[in-house]
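Participant: Below is one structure. I have some questions about it.
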Amino acid sequence: MNKLRNSTFICLVLLLQCWCVNAQNHRFVDPMIGSEGLGNVFVGPSCPYGMIKPGPDNDLNANSGFTTDMTKPIYGFSQVHVSGTGGGAKYGNVSIMPISGDFETIKQESLRENEKVALGYYSALLKKWKIQTEITTSDRAAFYKFVFDSNAKNAVKIDLGRYLDESIIPDGREAQQFVGSQVEVISDTEVRGYTKVRGGWNNGSTYTVYFSAVFNQPFTNFSTWKGETFFPNQKNQVDNGKKTGAMLLFESLANKTLNMKIGISFISALKARENIDNEIPHWDFKKELAETQQKWENLLQRVEVEKEASTEKKTMFYTGLYHTMLMPVDRTGENPLWENDSPYYDDFYAIWDTYRSSSPLITLLDPKREIDIVNAMLQIYKRDGYLPEARSGNSNGRTQGGSNAEVVIADAFVKGLEGINYKLGLDAMLKDALFPPGGNEEKEGRGGLVDYNRLGYVSTDYVRSGNRTLEYSYNDYCLAIVAKGTKRKGEYWRFIKQSDNWQNLWRDIEDNGSRGFIMPKDSNKKWVDSIQCAATNGKISYVPYTPLAQDWPNCVCWWCGVFYEASSWEYSLSVPHDVAMLIKKTGGNEAFKKRLNTLFDKEFYNVANEPSFLSPNLYHWIGRPDLSNDRIHQIIDKNYNSSRNGIPGNDDSGAMSSWLAFHMMGLYPNAGQSYYLINSPYFKQTVIHQENGKDFTIKAKNLSEKNKYIKSVTLNGKPFENAFIEHSDIVKGGVLEFEMAATPSKIWGTKQVPPSKSDEVIEE
């Protein structure tokens with residue numbers, strides 16, 4: 001039986017590879033990259049930005065619901081997941097489980113074997129009952145195929161009381177809490193209902209996932225349950241705050257095979273059924289899988305790399321693109337909070353992670369999608385009062401630092417994305433910058449804003465005062481750029497000045513051979529030299545606060561430190577709009593080079609976290625792009641690969657993956673600004689097939705392990721001296737050609753460094 005199943009899977013894969021002669025890039029996607037270690041990626045099938053994400057759950061506390069540990073049994077396949085996130089888990093709703101034998105208990109689980117994962121496809125054999133389970137999906141409905149091996153009774157369990165990260169502690173921080181559920185048997189082939197849950201990582205309000213499940217063969221008997229009690233043949237279990245579900249018995253199955261389609265909705269169970277009818281009107285599993293893979297191919301083929309590139313490199317690259325396009329989630333027409341047909345996206349989880357490289361990558365490869373995403377953000381502002389930062393389950397919640405939707409809006413603006421109301425965008429940005437959110441200052445807006453606008457920095461009266469000050473400064477710069485472009489000179493002048501506020505926390509102290517760091521100040525404008533850490537034997541202890549100090553989680557809670565998830569050594573380099581001033585304050589080019597070398601050589605740099613995403617590229621601003629190239633390739637070669645442990649940190653909704661994909665092409669964005677930094681690529685040729693029909697080609701002549709430095713560059717045949725290129729030059733199409741060499745160039749990229757705010761003419 002196992003040999004037969006393996007042969008069937010191999011034949012299926014070969015069939016899909018031949019399905020379209022030109023549809024090849026999706027073959028290099030491996031959803032299992034990042035499934036081990038810190039990656040936390042979702043391994044089940046999904047469409048691009050797909051609302052339904054069906055997949056296996058065998059770890060209630062895992063963000064994706066899944067661990068590769070084969071000793072942990074699967075307890076169900078739920079329909080809603082996120083990918084790559086950290087912190088408390090979210091979703092894991094509407095759990096499905098095929099079973100055989102004894103149905104007297106609700107809890108049913110099994111170890112798995114023969115697990116197969118490909119783009120748009122998941123399968124495993126449930127070892128306990130020898131049930132083969134296969135899954136594929138459309139955007140809002142999933143297709144399950146069960147092959148039973150038992151002559152005993154077979155069943156499918158629909159459990160509306162299971163979800164991820166359940167806590168019995170009322171309002172447990174980051175945990176999810178059960179609110180209610182309901183199930184209804186409509187006929188001998190259809191069941192529908194809903195589950196209500198609240199909380200999760202973003203501490204969100206109650207969200208409801210409705211479902212409708214239909215089968216291609218009738219069940220012969222059924223029981224519903226409430227709490228722990230089964231009710232044979234009772235069709236309805238109404239919502240009274242207790243957990244419900246249904247056990248559907250199939251005593252006679254043709255070929256022991258059962259197909260199930262399940263749709264979800266955030267509006268109603270009838271809308272869930274409509275999603276099935278609209279998206280999967282047939283019962284052809286292979287057809288649905290092929291359609292899903294073609295949806296991905298339509299996106300992945302927008303970047304064509306050289307055919308001769310190694311399978312390892314192509315797998316890393318195309319999987320990076322795939323991970324970037326799993327989130328945010330397209331829920332247009334599925335918004336339960338207000339009625340409209342405009343774009344609606346959820347699971348911005350979180351923009352603090354994704355604004356740096358994920359959003360710019362979507363802008364480059366799928367600009368119409370990015371326009372919809374930005375417009376959805378503006379709808380959220382209009383209806384909920386603030387732009388999202390970490391929205392999930394239709395609820396804003398959790399700001400890690402700045403109000404970074406502003407960077408996303410500015411990025412779209414400077415790159416010329418049309419069809420966005422930028423005047424409304426500016427209003428939304430001004431709301432963040434001028435009006436304190438009040439109440440829960442983690443939910444949205446800018447926490448500590450009263451201090452920031454009064455003192456010019458966030459004081460230690462507020463948590464995360466260091467990185468909030470830095471990020472608000474950059475948010476203000478982005479606001480100023482949009483204000484200038486929309487002829488709002490007054491706002492431009494105010495906020496371009498405020499973008500210097502990071503300097504108010506710049507302290508002229510030395511650490512590890514470098515001078516000047518972002519350090520904490522209290523509300524009386526005095527530097528804070530030590531922080532309270534603990535009380536021992538009735539005595540309060542203090543520890544010195546240095547640029548390498550990490551007050552979380554040893555002295556304060558994870559969210560309560562001066563900096564969030566990084567040290568001052570890392571954050572003090574995070575001034576993306578004014579690297580020139582940062583270099584000046586550090587002591588000039590040589591001092592800055594020494595500082596960067598110390599960051600990497602002493603391993604103060606954390607490859608697994610977003611605050612340092614731009615840091616390896618900072619050598620560009622001292623005219624040494626060759627040193628940026630060295631660091632970038634060292635980081636990738638050491639920390640990324642095509643294994644299950646191939647992502648060095650939480651993928652964070654594709655943040656880590658998009659960082660990799662950009663650098664493999666030889667580009668990297670400075671999000672919120674109009675250019676890309678140029679680096680040595682991993683491919684001899686990359687062609688970006690743009691939405692506007694104009695191809696942009698990146699060629700690297702003589703590229704090899706030895707010839708790893710850019711000697712000279714031409715753009716459309718003409719010499720190109722800058723180590724950065726404008727987005728507008730890419731949009732026009734053309735050829736960017738590198739001449740590679742074994743030694744760094746003493747000319748290319750040394751004369752004109754990338755833009756900085758302090759080098760610009762400020763208009764009053």
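Letters for chains follow the order of the structure tokens (A, B, ...), residue numbers begin at 1 for each chain, and ligand numbers begin at 1 in the order shown.
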Quick one: residues within 12 Å of Glu115 of chain A, only C-alpha atoms, excluding same-chain residues fewer than 3 positions away - as a short mmCIF file (atom, residue, chain, number, x, y, z; two decimals) with N, CA, C and O atoms, in the first residue's frame?

Facilitator:
```
data_model
loop_
_atom_site.label_atom_id
_atom_site.label_comp_id
_atom_site.auth_asym_id
_atom_site.auth_seq_id
_atom_site.Cartn_x
_atom_site.Cartn_y
_atom_site.Cartn_z
N ASN A 2 1.93 1.29 0.84
CA ASN A 2 2.79 2.46 0.91
C ASN A 2 3.50 2.72 -0.41
O ASN A 2 3.65 3.85 -0.86
N ARG A 5 1.09 4.28 -2.81
CA ARG A 5 0.83 5.69 -2.52
C ARG A 5 2.01 6.56 -2.94
O ARG A 5 1.84 7.65 -3.49
N ASN A 6 3.24 6.10 -2.68
CA ASN A 6 4.41 6.85 -3.09
C ASN A 6 4.46 6.99 -4.61
O ASN A 6 4.79 8.04 -5.15
N PHE A 9 1.99 9.60 -5.73
CA PHE A 9 2.47 10.97 -5.49
C PHE A 9 3.50 11.38 -6.54
O PHE A 9 3.45 12.48 -7.09
N MET A 32 8.80 23.54 2.93
CA MET A 32 9.39 23.05 4.17
C MET A 32 10.62 23.84 4.60
O MET A 32 11.10 23.69 5.72
N VAL A 43 3.34 25.24 6.45
CA VAL A 43 3.75 24.23 5.48
C VAL A 43 2.60 23.71 4.62
O VAL A 43 2.83 22.97 3.67
N GLY A 44 1.38 24.07 4.95
CA GLY A 44 0.24 23.59 4.17
C GLY A 44 0.08 24.35 2.87
O GLY A 44 0.83 25.29 2.57
N PRO A 56 -1.76 20.84 8.70
CA PRO A 56 -1.72 19.96 9.87
C PRO A 56 -1.38 20.71 11.15
O PRO A 56 -0.57 21.64 11.14
N THR A 68 7.96 19.69 12.79
CA THR A 68 8.40 18.54 11.99
C THR A 68 8.68 17.32 12.85
O THR A 68 8.93 16.24 12.30
N ASP A 69 8.64 17.46 14.15
CA ASP A 69 8.88 16.34 15.07
C ASP A 69 7.88 15.22 14.80
O ASP A 69 6.68 15.36 15.06
N MET A 70 8.38 14.09 14.31
CA MET A 70 7.49 12.99 13.92
C MET A 70 6.91 12.25 15.13
O MET A 70 6.04 11.40 14.97
N ILE A 74 -0.58 14.36 15.01
CA ILE A 74 -1.52 15.33 14.45
C ILE A 74 -2.86 15.17 15.15
O ILE A 74 -3.36 14.06 15.31
N LEU A 111 0.00 9.74 14.95
CA LEU A 111 1.29 10.04 14.35
C LEU A 111 1.15 9.98 12.83
O LEU A 111 0.19 9.42 12.30
N ARG A 112 2.10 10.55 12.13
CA ARG A 112 2.04 10.59 10.68
C ARG A 112 3.30 9.96 10.08
O ARG A 112 4.35 9.89 10.73
N ALA A 118 4.50 19.92 -1.24
CA ALA A 118 4.90 20.65 -2.44
C ALA A 118 4.05 21.91 -2.51
O ALA A 118 3.11 22.08 -1.72
N TYR A 121 0.24 21.73 -2.08
CA TYR A 121 -0.10 20.33 -1.79
C TYR A 121 0.49 19.89 -0.46
O TYR A 121 1.63 20.20 -0.13
N TYR A 122 -0.31 19.15 0.30
CA TYR A 122 0.17 18.48 1.51
C TYR A 122 -0.48 17.10 1.58
O TYR A 122 -1.67 16.94 1.28
N SER A 123 0.30 16.09 1.98
CA SER A 123 -0.28 14.78 2.24
C SER A 123 0.51 14.08 3.34
O SER A 123 1.70 14.35 3.54
N ALA A 124 -0.17 13.21 4.05
CA ALA A 124 0.47 12.39 5.08
C ALA A 124 -0.42 11.18 5.34
O ALA A 124 -1.65 11.23 5.15
N LEU A 125 0.20 10.12 5.76
CA LEU A 125 -0.53 8.93 6.19
C LEU A 125 -0.70 8.99 7.70
O LEU A 125 0.30 9.08 8.44
N LEU A 126 -1.94 9.00 8.17
CA LEU A 126 -2.21 8.95 9.60
C LEU A 126 -1.99 7.52 10.07
O LEU A 126 -2.79 6.62 9.78
N LYS A 127 -0.89 7.32 10.75
CA LYS A 127 -0.37 5.97 11.02
C LYS A 127 -1.33 5.12 11.84
O LYS A 127 -1.46 3.92 11.62
N GLN A 132 -4.82 7.92 4.44
CA GLN A 132 -4.06 8.87 3.62
C GLN A 132 -4.88 10.15 3.49
O GLN A 132 -6.04 10.12 3.08
N THR A 133 -4.26 11.29 3.86
CA THR A 133 -4.93 12.58 3.78
C THR A 133 -4.16 13.47 2.82
O THR A 133 -2.96 13.69 2.99
N GLU A 134 -4.84 14.00 1.81
CA GLU A 134 -4.25 14.93 0.86
C GLU A 134 -5.05 16.23 0.89
O GLU A 134 -6.27 16.21 1.03
N ILE A 135 -4.33 17.34 0.72
CA ILE A 135 -4.98 18.66 0.75
C ILE A 135 -4.44 19.53 -0.36
O ILE A 135 -3.23 19.59 -0.60
#
```

Participant: Quick one: everything within 10 Å of Tyr571 of chain A, counting only C-alpha atoms, minus sequence neighbours fewer than 4 positions away in the same chain. Send it as a list of chain:residue names.

Facilitator: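 Contacts, with the query itself left out: A:Gly466, A:Asn467, A:Leu470, A:Glu471, A:Phe517, A:Ile518, A:Met519, A:Pro547, A:Phe563, A:Tyr564, A:Glu565, A:Ala566, A:Ser567, A:Val575, A:Pro611, A:Ser612, A:Ser615.
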
Participant: Within 8 Å of segment 259-268 of chain A, counting only C-alpha atoms, which residues qualify if same-chain residues fewer than 3 places away don't, as a PyMOL selection string?

Facilitator: chain A and resi 52+79+140-146+207-217+271-276+280+283+334-336

Participant: I'd like the neighbourhood of Ala483 of chain A as a VMD selection string, where a residue qualifies if any of its atoms comes within 12 Å (using only C-alpha atoms), though same-chain residues fewer than 2 positions away should be ignored.

Facilitator: chain A and resid 406 409 to 410 413 to 414 422 to 430 476 to 481 485 to 496

Participant: Hey, can you check how far atom CA of Val329 of chain A sits from atom CA of Ile186 of chain A?

Facilitator: 29.5 Å

Participant: List every residue of segment 431-641 of chain A that DSSP, applied to the backbone of this structure, assigns to strand (DSSP E or B), and report them as a ChimeraX atom specification.

Facilitator: /A:506-511,514-518,521,527,530-536,539-544

Participant: What's the separation between atom CA of Asn716 of chain A and atom CA of Ser680 of chain A, in Å to one decimal place?

Facilitator: 18.2 Å

Participant: Using only C-alpha atoms, determine which residues lie at most 10 Å from Asn670 of chain A, disregarding the query and same-chain residues fewer than 6 positions distant; provide the list as a compact mmCIF listing (two decimals) with C-alpha atoms, in the first residue's frame.

Facilitator:
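Once written, part.txt looks like this:
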```txt
# COMPACT_ATOMS: atom_id res chain seq x y z
CA TYR A 355 7.89 47.27 5.60
CA ARG A 356 11.64 46.94 5.12
CA SER A 357 11.77 44.41 2.27
CA PRO A 360 9.02 46.76 -1.57
CA ASP A 411 7.30 53.78 -0.44
CA PRO A 576 17.78 54.99 7.05
CA HIS A 577 16.98 58.52 5.96
CA PHE A 613 18.25 44.46 7.84
CA LEU A 614 19.90 47.52 6.26
CA ASN A 617 24.54 47.70 3.10
CA TYR A 676 17.66 50.28 -4.53
CA LEU A 677 21.21 49.61 -3.42
CA PRO A 754 23.31 56.94 -1.85
```

Participant: Compile the contact shell of Ile106 of chain A as a PyMOL selection string: residues with an atom at most 12 Å away, counting only C-alpha atoms, same-chain residues fewer than 2 positions apart removed.

Facilitator: chain A and resi 75-76+95-97+99+102-104+108-109+155-162+223-230+243-247

Participant: Give me the residues near Lys684 of chain A as a ChimeraX atom specification, where near means some atom within 10 Å (using only C-alpha atoms) and where sequence neighbours in that chain fewer than 3 positions away do not count.

Facilitator: /A:305-309,665,680-681,698-704,737-738,740

Participant: Measure the distance from atom CA of Gly734 of chain A to atom CA of His663 of chain A in Å and round it to one decimal.

Facilitator: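 Calculated distance between atom CA of Gly734 of chain A and atom CA of His663 of chain A is 19.5 Å.
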
Participant: Counting only C-alpha atoms, which of A:Thr750, A:Asn221, A:Ser395, A:Ser342 gets nearest to Ala376 of chain A?

Facilitator: A:Ser342

Participant: Which one of A:Gln532, A:Ser758, A:Thr598, A:Ser64 sits closest to Leu582 of chain A if you count only C-alpha atoms?

Facilitator: A:Ser758

Participant: Where in segment 296-371 of chain A does DSSP assign alpha helix (DSSP H), given as an MDAnalysis selection string?

Facilitator: chainID A and resid 296:300 311:324 351:354 358:365 367:371

Participant: Which one of A:Val731, A:Leu573, A:Val185, A:Val179 sits closest to Leu596 of chain A if you count only C-alpha atoms?

Facilitator: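 Under the stated criterion, the closest residue is A:Leu573.
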
Participant: Give the answer as one residue: which of A:Pro755, A:Gly447, A:Gly672, A:Gly733 has the shortest atom-to-atom distance to Ala580 of chain A, using only C-alpha atoms?

Facilitator: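 For Ala580 of chain A, the nearest of the given residues is A:Pro755.
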